[in-house]
>>> print(open('work20.cif').read())   # mmCIF, C-alpha atoms, pLDDT in the B column; chains and numbers go by the auth columns
data_final
loop_
_atom_site.group_PDB
_atom_site.id
_atom_site.type_symbol
_atom_site.label_atom_id
_atom_site.label_comp_id
_atom_site.label_asym_id
_atom_site.label_seq_id
_atom_site.Cartn_x
_atom_site.Cartn_y
_atom_site.Cartn_z
_atom_site.B_iso_or_equiv
_atom_site.auth_seq_id
_atom_site.auth_asym_id
ATOM 1 C CA MET A 1 2.403 44.702 1.719 49.00 1 A
ATOM 2 C CA GLY A 2 6.006 43.717 1.103 50.00 2 A
ATOM 3 C CA SER A 3 7.830 42.799 -2.080 51.00 3 A
ATOM 4 C CA PRO A 4 6.676 39.885 -4.283 45.00 4 A
ATOM 5 C CA GLU A 5 9.796 38.005 -3.234 46.00 5 A
ATOM 6 C CA TYR A 6 8.956 38.439 0.445 40.00 6 A
ATOM 7 C CA ILE A 7 5.347 37.376 -0.084 38.00 7 A
ATOM 8 C CA TRP A 8 6.445 34.297 -2.056 43.00 8 A
ATOM 9 C CA ALA A 9 9.013 33.305 0.572 43.00 9 A
ATOM 10 C CA ASN A 10 6.424 33.735 3.319 42.00 10 A
ATOM 11 C CA CYS A 11 3.931 31.574 1.406 38.00 11 A
ATOM 12 C CA ARG A 12 6.521 28.832 1.003 46.00 12 A
ATOM 13 C CA MET A 13 7.309 28.930 4.712 44.00 13 A
ATOM 14 C CA LEU A 14 3.624 28.705 5.604 41.00 14 A
ATOM 15 C CA ASN A 15 3.102 25.814 3.161 49.00 15 A
ATOM 16 C CA ALA A 16 6.088 23.926 4.569 57.00 16 A
ATOM 17 C CA ARG A 17 4.762 24.454 8.092 67.00 17 A
ATOM 18 C CA ALA A 18 1.302 23.211 7.057 63.00 18 A
ATOM 19 C CA GLU A 19 2.772 20.116 5.367 78.00 19 A
ATOM 20 C CA LYS A 20 4.822 19.330 8.471 82.00 20 A
ATOM 21 C CA LYS A 21 1.720 19.686 10.633 83.00 21 A
ATOM 22 C CA GLN A 22 -0.341 17.439 8.353 86.00 22 A
ATOM 23 C CA THR A 23 2.394 14.804 8.391 87.00 23 A
ATOM 24 C CA ALA A 24 2.455 14.870 12.189 89.00 24 A
ATOM 25 C CA ILE A 25 -1.329 14.561 12.355 90.00 25 A
ATOM 26 C CA LEU A 26 -1.343 11.625 9.928 90.00 26 A
ATOM 27 C CA ASP A 27 1.439 9.833 11.789 91.00 27 A
ATOM 28 C CA VAL A 28 -0.293 10.129 15.165 91.00 28 A
ATOM 29 C CA ALA A 29 -3.761 9.360 13.785 91.00 29 A
ATOM 30 C CA THR A 30 -2.478 6.271 11.993 89.00 30 A
ATOM 31 C CA ARG A 31 -0.833 4.955 15.150 89.00 31 A
ATOM 32 C CA LEU A 32 -3.902 5.547 17.290 91.00 32 A
ATOM 33 C CA PHE A 33 -6.374 4.112 14.768 88.00 33 A
ATOM 34 C CA LEU A 34 -4.270 0.968 14.450 84.00 34 A
ATOM 35 C CA GLU A 35 -3.754 0.590 18.209 86.00 35 A
ATOM 36 C CA ARG A 36 -7.313 1.317 19.345 86.00 36 A
ATOM 37 C CA GLY A 37 -9.628 1.046 16.347 86.00 37 A
ATOM 38 C CA TYR A 38 -11.697 3.763 14.720 87.00 38 A
ATOM 39 C CA ASP A 39 -14.401 4.108 17.375 88.00 39 A
ATOM 40 C CA ALA A 40 -11.988 4.354 20.311 90.00 40 A
ATOM 41 C CA VAL A 41 -10.084 7.332 18.881 91.00 41 A
ATOM 42 C CA SER A 42 -11.336 10.912 19.130 92.00 42 A
ATOM 43 C CA LEU A 43 -10.017 14.057 17.510 92.00 43 A
ATOM 44 C CA ASP A 44 -9.181 15.284 21.005 93.00 44 A
ATOM 45 C CA ASP A 45 -6.941 12.232 21.487 94.00 45 A
ATOM 46 C CA ILE A 46 -4.994 13.163 18.372 92.00 46 A
ATOM 47 C CA LEU A 47 -4.782 16.869 19.178 92.00 47 A
ATOM 48 C CA ALA A 48 -3.594 16.084 22.709 93.00 48 A
ATOM 49 C CA ILE A 49 -0.446 14.657 21.125 92.00 49 A
ATOM 50 C CA VAL A 50 0.159 16.872 18.073 90.00 50 A
ATOM 51 C CA GLY A 51 -1.297 20.097 19.428 88.00 51 A
ATOM 52 C CA GLY A 52 -3.331 22.598 17.463 85.00 52 A
ATOM 53 C CA SER A 53 -7.052 23.132 17.179 85.00 53 A
ATOM 54 C CA LYS A 54 -10.028 21.211 15.854 89.00 54 A
ATOM 55 C CA ALA A 55 -10.586 24.034 13.384 89.00 55 A
ATOM 56 C CA THR A 56 -7.185 23.328 11.809 86.00 56 A
ATOM 57 C CA LEU A 57 -7.827 19.613 11.701 87.00 57 A
ATOM 58 C CA TYR A 58 -11.246 20.111 10.122 89.00 58 A
ATOM 59 C CA SER A 59 -9.736 22.441 7.535 88.00 59 A
ATOM 60 C CA TYR A 60 -7.299 19.696 6.500 88.00 60 A
ATOM 61 C CA TYR A 61 -9.524 16.614 6.614 89.00 61 A
ATOM 62 C CA GLY A 62 -13.134 17.648 7.210 89.00 62 A
ATOM 63 C CA GLY A 63 -13.457 15.579 10.378 89.00 63 A
ATOM 64 C CA LYS A 64 -12.656 12.173 11.811 90.00 64 A
ATOM 65 C CA GLU A 65 -13.915 10.154 8.815 89.00 65 A
ATOM 66 C CA GLY A 66 -11.844 12.239 6.413 90.00 66 A
ATOM 67 C CA LEU A 67 -8.805 11.838 8.635 90.00 67 A
ATOM 68 C CA PHE A 68 -9.267 8.069 8.764 90.00 68 A
ATOM 69 C CA ALA A 69 -9.548 8.008 4.967 87.00 69 A
ATOM 70 C CA ALA A 70 -6.338 10.030 4.687 88.00 70 A
ATOM 71 C CA THR A 71 -4.466 7.636 6.990 88.00 71 A
ATOM 72 C CA VAL A 72 -5.590 4.640 4.918 85.00 72 A
ATOM 73 C CA GLN A 73 -4.666 6.243 1.609 83.00 73 A
ATOM 74 C CA ASN A 74 -1.312 7.440 2.922 84.00 74 A
ATOM 75 C CA SER A 75 -0.488 3.999 4.306 82.00 75 A
ATOM 76 C CA CYS A 76 -1.323 2.352 0.968 80.00 76 A
ATOM 77 C CA LYS A 77 0.861 4.825 -0.863 79.00 77 A
ATOM 78 C CA CYS A 78 3.810 4.361 1.483 78.00 78 A
ATOM 79 C CA LYS A 79 3.634 0.583 1.770 75.00 79 A
ATOM 80 C CA LEU A 80 3.260 -0.104 -1.963 78.00 80 A
ATOM 81 C CA ALA A 81 5.634 2.583 -3.220 79.00 81 A
ATOM 82 C CA SER A 82 8.649 0.256 -3.315 78.00 82 A
ATOM 83 C CA PHE A 83 6.664 -2.443 -5.145 79.00 83 A
ATOM 84 C CA GLN A 84 5.175 -0.060 -7.680 78.00 84 A
ATOM 85 C CA ALA A 85 8.615 1.415 -8.363 81.00 85 A
ATOM 86 C CA VAL A 86 10.100 -1.950 -9.348 81.00 86 A
ATOM 87 C CA ASP A 87 11.019 -1.914 -13.046 83.00 87 A
ATOM 88 C CA VAL A 88 11.868 -5.351 -14.400 90.00 88 A
ATOM 89 C CA THR A 89 11.238 -4.723 -18.111 83.00 89 A
ATOM 90 C CA ASP A 90 14.901 -5.458 -18.913 90.00 90 A
ATOM 91 C CA LEU A 91 14.748 -8.838 -17.169 93.00 91 A
ATOM 92 C CA ASP A 92 13.417 -12.155 -18.429 95.00 92 A
ATOM 93 C CA PRO A 93 10.095 -13.369 -16.957 95.00 93 A
ATOM 94 C CA LYS A 94 11.690 -15.601 -14.333 95.00 94 A
ATOM 95 C CA ALA A 95 14.050 -12.959 -12.976 96.00 95 A
ATOM 96 C CA GLY A 96 11.426 -10.232 -13.253 96.00 96 A
ATOM 97 C CA LEU A 97 8.643 -12.141 -11.526 96.00 97 A
ATOM 98 C CA THR A 98 11.061 -13.229 -8.818 96.00 98 A
ATOM 99 C CA ALA A 99 11.973 -9.599 -8.110 95.00 99 A
ATOM 100 C CA LEU A 100 8.302 -8.582 -8.052 95.00 100 A
ATOM 101 C CA GLY A 101 7.334 -11.517 -5.861 94.00 101 A
ATOM 102 C CA ARG A 102 10.036 -10.818 -3.289 93.00 102 A
ATOM 103 C CA GLN A 103 9.114 -7.159 -3.045 91.00 103 A
ATOM 104 C CA PHE A 104 5.427 -8.006 -2.722 90.00 104 A
ATOM 105 C CA LEU A 105 5.966 -10.518 0.086 89.00 105 A
ATOM 106 C CA ARG A 106 8.129 -8.020 1.948 87.00 106 A
ATOM 107 C CA ALA A 107 5.289 -5.503 1.713 84.00 107 A
ATOM 108 C CA ILE A 108 2.562 -7.833 3.019 82.00 108 A
ATOM 109 C CA SER A 109 4.907 -9.176 5.711 81.00 109 A
ATOM 110 C CA ASP A 110 5.195 -5.721 7.224 81.00 110 A
ATOM 111 C CA PRO A 111 3.353 -5.573 10.601 82.00 111 A
ATOM 112 C CA HIS A 112 2.162 -2.000 10.029 79.00 112 A
ATOM 113 C CA GLY A 113 0.637 -2.845 6.654 77.00 113 A
ATOM 114 C CA ARG A 114 -1.027 -5.908 8.163 82.00 114 A
ATOM 115 C CA SER A 115 -2.575 -3.797 10.914 82.00 115 A
ATOM 116 C CA MET A 116 -3.906 -1.300 8.386 82.00 116 A
ATOM 117 C CA PHE A 117 -5.425 -4.150 6.381 83.00 117 A
ATOM 118 C CA ARG A 118 -7.206 -5.384 9.509 84.00 118 A
ATOM 119 C CA ALA A 119 -8.448 -1.873 10.314 85.00 119 A
ATOM 120 C CA MET A 120 -9.830 -1.409 6.823 84.00 120 A
ATOM 121 C CA ILE A 121 -11.633 -4.766 6.874 86.00 121 A
ATOM 122 C CA ALA A 122 -13.168 -3.848 10.241 86.00 122 A
ATOM 123 C CA GLU A 123 -14.547 -0.572 8.864 86.00 123 A
ATOM 124 C CA ALA A 124 -15.311 -1.617 5.265 88.00 124 A
ATOM 125 C CA GLU A 125 -19.056 -2.023 5.803 90.00 125 A
ATOM 126 C CA ARG A 126 -19.345 1.354 7.512 88.00 126 A
ATOM 127 C CA PHE A 127 -17.230 3.144 4.878 88.00 127 A
ATOM 128 C CA PRO A 128 -17.876 1.384 1.536 90.00 128 A
ATOM 129 C CA ASP A 129 -16.441 4.235 -0.532 87.00 129 A
ATOM 130 C CA LEU A 130 -13.232 4.131 1.480 85.00 130 A
ATOM 131 C CA ALA A 131 -13.111 0.338 1.168 88.00 131 A
ATOM 132 C CA SER A 132 -13.389 0.713 -2.607 88.00 132 A
ATOM 133 C CA ALA A 133 -10.626 3.336 -2.638 83.00 133 A
ATOM 134 C CA PHE A 134 -8.433 1.114 -0.455 84.00 134 A
ATOM 135 C CA PHE A 135 -8.926 -1.850 -2.770 88.00 135 A
ATOM 136 C CA LYS A 136 -8.085 0.273 -5.801 86.00 136 A
ATOM 137 C CA ALA A 137 -4.982 1.796 -4.196 83.00 137 A
ATOM 138 C CA GLY A 138 -3.772 -1.536 -2.777 85.00 138 A
ATOM 139 C CA PRO A 139 -4.724 -4.877 -4.367 88.00 139 A
ATOM 140 C CA GLU A 140 -5.802 -3.464 -7.745 91.00 140 A
ATOM 141 C CA ALA A 141 -2.685 -1.287 -8.053 88.00 141 A
ATOM 142 C CA THR A 142 -0.544 -4.331 -7.291 90.00 142 A
ATOM 143 C CA ILE A 143 -2.281 -6.390 -9.963 93.00 143 A
ATOM 144 C CA LEU A 144 -1.802 -3.545 -12.452 92.00 144 A
ATOM 145 C CA VAL A 145 1.968 -3.513 -11.889 91.00 145 A
ATOM 146 C CA VAL A 146 2.253 -7.249 -12.552 94.00 146 A
ATOM 147 C CA ARG A 147 -0.101 -7.031 -15.526 94.00 147 A
ATOM 148 C CA ARG A 148 1.986 -4.279 -17.112 92.00 148 A
ATOM 149 C CA HIS A 149 5.080 -6.468 -17.038 94.00 149 A
ATOM 150 C CA LEU A 150 3.201 -9.527 -18.277 95.00 150 A
ATOM 151 C CA ASP A 151 1.956 -7.474 -21.232 95.00 151 A
ATOM 152 C CA HIS A 152 5.567 -6.560 -21.986 93.00 152 A
ATOM 153 C CA TRP A 153 6.732 -10.192 -21.886 94.00 153 A
ATOM 154 C CA GLN A 154 3.818 -11.275 -24.055 94.00 154 A
ATOM 155 C CA ARG A 155 4.810 -8.752 -26.711 93.00 155 A
ATOM 156 C CA GLN A 156 8.329 -10.179 -26.561 92.00 156 A
ATOM 157 C CA GLY A 157 6.956 -13.692 -27.019 92.00 157 A
ATOM 158 C CA SER A 158 8.458 -14.822 -23.705 91.00 158 A
ATOM 159 C CA ILE A 159 5.158 -16.079 -22.283 90.00 159 A
ATOM 160 C CA ARG A 160 2.085 -17.461 -23.989 88.00 160 A
ATOM 161 C CA ARG A 161 -0.841 -15.297 -25.019 89.00 161 A
ATOM 162 C CA ALA A 162 -3.571 -15.122 -22.379 91.00 162 A
ATOM 163 C CA ASN A 163 -5.563 -12.563 -20.433 94.00 163 A
ATOM 164 C CA THR A 164 -2.840 -10.764 -18.486 95.00 164 A
ATOM 165 C CA GLU A 165 -5.212 -9.534 -15.801 95.00 165 A
ATOM 166 C CA SER A 166 -6.189 -13.119 -14.995 95.00 166 A
ATOM 167 C CA LEU A 167 -2.540 -14.181 -15.108 95.00 167 A
ATOM 168 C CA ALA A 168 -1.569 -11.356 -12.749 96.00 168 A
ATOM 169 C CA ILE A 169 -4.301 -12.318 -10.277 95.00 169 A
ATOM 170 C CA GLN A 170 -3.218 -15.964 -10.414 94.00 170 A
ATOM 171 C CA PHE A 171 0.416 -15.000 -9.903 95.00 171 A
ATOM 172 C CA MET A 172 -0.367 -12.845 -6.876 93.00 172 A
ATOM 173 C CA GLY A 173 -2.485 -15.682 -5.470 93.00 173 A
ATOM 174 C CA LEU A 174 0.534 -17.959 -5.695 93.00 174 A
ATOM 175 C CA MET A 175 2.661 -15.339 -3.970 93.00 175 A
ATOM 176 C CA MET A 176 0.266 -14.935 -1.038 90.00 176 A
ATOM 177 C CA GLY A 177 -0.505 -18.608 -0.555 87.00 177 A
ATOM 178 C CA ASN A 178 -2.256 -18.826 2.786 87.00 178 A
ATOM 179 C CA PHE A 179 0.383 -16.694 4.504 87.00 179 A
ATOM 180 C CA HIS A 180 -1.525 -13.423 4.219 85.00 180 A
ATOM 181 C CA LEU A 181 -4.703 -14.867 5.732 85.00 181 A
ATOM 182 C CA LYS A 182 -2.780 -16.554 8.567 87.00 182 A
ATOM 183 C CA ALA A 183 -0.922 -13.297 9.199 84.00 183 A
ATOM 184 C CA LEU A 184 -4.192 -11.353 9.455 83.00 184 A
ATOM 185 C CA PHE A 185 -5.335 -13.836 12.113 85.00 185 A
ATOM 186 C CA GLY A 186 -2.037 -13.430 13.940 83.00 186 A
ATOM 187 C CA LEU A 187 -1.106 -17.076 13.400 86.00 187 A
ATOM 188 C CA VAL A 188 2.285 -16.339 11.804 81.00 188 A
ATOM 189 C CA ASP A 189 4.841 -13.609 12.200 78.00 189 A
ATOM 190 C CA THR A 190 6.833 -11.738 9.571 80.00 190 A
ATOM 191 C CA LEU A 191 8.501 -13.931 6.951 84.00 191 A
ATOM 192 C CA THR A 192 12.287 -14.057 6.909 88.00 192 A
ATOM 193 C CA GLU A 193 14.220 -13.274 3.743 91.00 193 A
ATOM 194 C CA ARG A 194 15.106 -16.945 3.458 93.00 194 A
ATOM 195 C CA GLU A 195 11.440 -17.947 3.658 91.00 195 A
ATOM 196 C CA ILE A 196 10.479 -15.274 1.136 92.00 196 A
ATOM 197 C CA ASN A 197 13.158 -16.353 -1.338 95.00 197 A
ATOM 198 C CA ALA A 198 12.250 -20.043 -1.064 95.00 198 A
ATOM 199 C CA TRP A 199 8.516 -19.432 -1.500 94.00 199 A
ATOM 200 C CA VAL A 200 8.935 -17.014 -4.412 95.00 200 A
ATOM 201 C CA THR A 201 11.322 -19.330 -6.246 95.00 201 A
ATOM 202 C CA ARG A 202 8.896 -22.256 -6.068 94.00 202 A
ATOM 203 C CA SER A 203 5.898 -20.126 -6.983 94.00 203 A
ATOM 204 C CA VAL A 204 7.561 -18.476 -9.987 95.00 204 A
ATOM 205 C CA ASP A 205 8.645 -21.865 -11.333 94.00 205 A
ATOM 206 C CA LEU A 206 5.103 -23.203 -10.950 92.00 206 A
ATOM 207 C CA PHE A 207 3.572 -20.146 -12.612 93.00 207 A
ATOM 208 C CA LEU A 208 5.937 -20.132 -15.576 92.00 208 A
ATOM 209 C CA ASP A 209 5.515 -23.843 -16.122 88.00 209 A
ATOM 210 C CA GLY A 210 1.924 -23.057 -17.059 76.00 210 A
ATOM 211 C CA ALA A 211 2.487 -19.675 -18.695 60.00 211 A
ATOM 212 C CA LYS A 212 5.637 -20.272 -20.749 60.00 212 A
ATOM 213 C CA ALA A 213 5.459 -19.800 -24.504 60.00 213 A
ATOM 214 C CA GLY A 214 4.980 -22.704 -26.893 54.00 214 A
#
>>> encode(input="work20.cif", output="structure tokens")
Amino acid sequence: MGSPEYIWANCRMLNARAEKKQTAILDVATRLFLERGYDAVSLDDILAIVGGSKATLYSYYGGKEGLFAATVQNSCKCKLASFQAVDVTDLDPKAGLTALGRQFLRAISDPHGRSMFRAMIAEAERFPDLASAFFKAGPEATILVVRRHLDHWQRQGSIRRANTESLAIQFMGLMMGNFHLKALFGLVDTLTEREINAWVTRSVDLFLDGAKAG
């Protein structure tokens, strides 16, 4: 049977190998789903690139729908990680909202994230549960981050008392403007840092002019 140490080391090696395989599958599946669309991608297409068997893939994801769900959830997690990690509690509202706004616009300017958004919209009616999970992991999670900081500034007395969820939604609306919609239609390309900074500065000033205390 081997010593406990040998068994444990072997388990760790097998787990690391499985994680590496799953990462490879997700990377390839994400690329193919975004390039071709859900219907035009088969499990055989994915396995032709990453290798392995359908049995292994089914054991990880339960099939094509489960794999698509995993690619969406993983993309949300990766693309919003930098935004969700922003901690501006030590900053005043103007500096804090500016930092949040810049990070948010960088995230939605990313071509990969834009493609995933399009793919999810295209399949939302077919996969309503996945659409709900996507909305919760993406837009709702973003609103929650902003709301948490607005709550903090309200307690400090830096901004006026109001429903922070509504304020967060209004703030994010100002950040997106019509850029996000135009980007989804392919009418604009990625924003430059200069464009991001200029837009965020104007939007934060406009927001705080209505939300400032007293």
>>> atom_distance(input="work20.cif", atom1="atom CA of A:Glu193", atom2="atom CA of A:Leu150")
24.9 Å
>>> residues_around(input="work20.cif", residues="A:Leu181", least_positions_apart="6", cutoff="12 Å", atoms="all atoms listed in the file", output="number ranges by chain")
A: 108-109, 114, 117-118, 173, 187-189
>>> closest_residue(input="work20.cif", among="A:Val28, A:Met116, A:Ile121, A:Leu105", to="A:Gln73", atoms="all atoms listed in the file")
A:Met116
>>> atom_distance(input="work20.cif", atom1="atom CA of A:Phe68", atom2="atom CA of A:Leu130")
9.2 Å
>>> closest_residue(input="work20.cif", among="A:Tyr38, A:Tyr61, A:Phe33, A:Phe207", to="A:Arg160", atoms="all atoms listed in the file")
A:Phe207
>>> closest_residue(input="work20.cif", among="A:Arg102, A:Leu57, A:Arg31, A:Lys94", to="A:Thr192", atoms="all atoms listed in the file")
A:Arg102
>>> atom_distance(input="work20.cif", atom1="atom CA of A:Glu125", atom2="atom CA of A:His180")
21.0 Å
>>> residues_around(input="work20.cif", residues="A:His152", least_positions_apart="5", cutoff="10 Å", atoms="only C-alpha atoms", output="list in words")
Val88, Thr89, Asp90, Pro93, Arg147, Gly157, Ser158 and Ile159 of chain A
>>> write_last_selection(input="work20.cif", atoms="C-alpha atoms", output="PDB file, in the coordinates of the input")
ATOM      1  CA  VAL A  88      11.868  -5.351 -14.400  1.00 90.00           C
ATOM      2  CA  THR A  89      11.238  -4.723 -18.111  1.00 83.00           C
ATOM      3  CA  ASP A  90      14.901  -5.458 -18.913  1.00 90.00           C
ATOM      4  CA  PRO A  93      10.095 -13.369 -16.957  1.00 95.00           C
ATOM      5  CA  ARG A 147      -0.101  -7.031 -15.526  1.00 94.00           C
ATOM      6  CA  GLY A 157       6.956 -13.692 -27.019  1.00 92.00           C
ATOM      7  CA  SER A 158       8.458 -14.822 -23.705  1.00 91.00           C
ATOM      8  CA  ILE A 159       5.158 -16.079 -22.283  1.00 90.00           C
TER       9      ILE A 159
END
>>> residues_around(input="work20.cif", residues="A:Thr201", least_positions_apart="2", cutoff="12 Å", atoms="only C-alpha atoms", output="JSON, numbers by chain")
{"A": [94, 95, 96, 97, 98, 99, 100, 101, 102, 174, 175, 194, 195, 196, 197, 198, 199, 203, 204, 205, 206, 207, 208]}
>>> closest_residue(input="work20.cif", among="A:Val145, A:Leu67, A:Ala137, A:Ala124", to="A:Asp87", atoms="only C-alpha atoms")
A:Val145
>>> residues_around(input="work20.cif", residues="A:Leu43", least_positions_apart="4", cutoff="12 Å", atoms="all atoms listed in the file", output="list in words")
Ile25, Leu26, Val28, Ala29, Leu32, Phe33, Tyr38, Asp39, Leu47, Ala48, Ile49, Val50, Gly51, Gly52, Ser53, Lys54, Ala55, Thr56, Leu57, Tyr58, Tyr61, Gly62, Gly63, Lys64, Glu65, Gly66, Leu67 and Phe68 of chain A
>>> residues_around(input="work20.cif", residues="A:Val146", least_positions_apart="4", cutoff="9 Å", atoms="only C-alpha atoms", output="VMD selection string")
chain A and resid 97 100 141 to 142 150 to 151 164 to 165 167 to 169 171 to 172
>>> write_last_selection(input="work20.cif", atoms="C-alpha atoms", output="PDB file, in the coordinates of the input")
ATOM      1  CA  LEU A  97       8.643 -12.141 -11.526  1.00 96.00           C
ATOM      2  CA  LEU A 100       8.302  -8.582  -8.052  1.00 95.00           C
ATOM      3  CA  ALA A 141      -2.685  -1.287  -8.053  1.00 88.00           C
ATOM      4  CA  THR A 142      -0.544  -4.331  -7.291  1.00 90.00           C
ATOM      5  CA  LEU A 150       3.201  -9.527 -18.277  1.00 95.00           C
ATOM      6  CA  ASP A 151       1.956  -7.474 -21.232  1.00 95.00           C
ATOM      7  CA  THR A 164      -2.840 -10.764 -18.486  1.00 95.00           C
ATOM      8  CA  GLU A 165      -5.212  -9.534 -15.801  1.00 95.00           C
ATOM      9  CA  LEU A 167      -2.540 -14.181 -15.108  1.00 95.00           C
ATOM     10  CA  ALA A 168      -1.569 -11.356 -12.749  1.00 96.00           C
ATOM     11  CA  ILE A 169      -4.301 -12.318 -10.277  1.00 95.00           C
ATOM     12  CA  PHE A 171       0.416 -15.000  -9.903  1.00 95.00           C
ATOM     13  CA  MET A 172      -0.367 -12.845  -6.876  1.00 93.00           C
TER      14      MET A 172
END
>>> build_atoms(input="work20.cif", residues="stretch 52-67 of chain A", atoms="N, CA and C atoms", output="CSV table (one decimal), in the coordinates of the input")
chain,number,residue,atom,x,y,z
A,52,GLY,N,-2.5,21.9,18.5
A,52,GLY,CA,-3.3,22.6,17.5
A,52,GLY,C,-4.8,22.6,17.9
A,53,SER,N,-5.6,23.0,16.9
A,53,SER,CA,-7.1,23.1,17.2
A,53,SER,C,-7.9,22.2,16.3
A,54,LYS,N,-9.1,22.0,16.7
A,54,LYS,CA,-10.0,21.2,15.9
A,54,LYS,C,-10.3,21.9,14.5
A,55,ALA,N,-10.3,23.3,14.6
A,55,ALA,CA,-10.6,24.0,13.4
A,55,ALA,C,-9.5,23.7,12.3
A,56,THR,N,-8.3,23.6,12.7
A,56,THR,CA,-7.2,23.3,11.8
A,56,THR,C,-7.3,21.9,11.2
A,57,LEU,N,-7.7,21.0,12.1
A,57,LEU,CA,-7.8,19.6,11.7
A,57,LEU,C,-9.0,19.5,10.7
A,58,TYR,N,-10.1,20.1,11.0
A,58,TYR,CA,-11.2,20.1,10.1
A,58,TYR,C,-10.9,20.7,8.8
A,59,SER,N,-10.1,21.8,8.8
A,59,SER,CA,-9.7,22.4,7.5
A,59,SER,C,-8.9,21.5,6.6
A,60,TYR,N,-8.1,20.6,7.3
A,60,TYR,CA,-7.3,19.7,6.5
A,60,TYR,C,-8.1,18.5,6.0
A,61,TYR,N,-8.9,17.9,6.9
A,61,TYR,CA,-9.5,16.6,6.6
A,61,TYR,C,-11.1,16.6,6.7
A,62,GLY,N,-11.7,17.6,7.2
A,62,GLY,CA,-13.1,17.6,7.2
A,62,GLY,C,-13.7,16.8,8.3
A,63,GLY,N,-12.9,16.3,9.3
A,63,GLY,CA,-13.5,15.6,10.4
A,63,GLY,C,-12.8,14.2,10.5
A,64,LYS,N,-13.3,13.5,11.5
A,64,LYS,CA,-12.7,12.2,11.8
A,64,LYS,C,-12.7,11.2,10.6
A,65,GLU,N,-13.8,11.1,9.9
A,65,GLU,CA,-13.9,10.2,8.8
A,65,GLU,C,-12.9,10.5,7.7
A,66,GLY,N,-12.8,11.8,7.4
A,66,GLY,CA,-11.8,12.2,6.4
A,66,GLY,C,-10.4,12.0,6.8
A,67,LEU,N,-10.1,12.1,8.1
A,67,LEU,CA,-8.8,11.8,8.6
A,67,LEU,C,-8.5,10.3,8.5
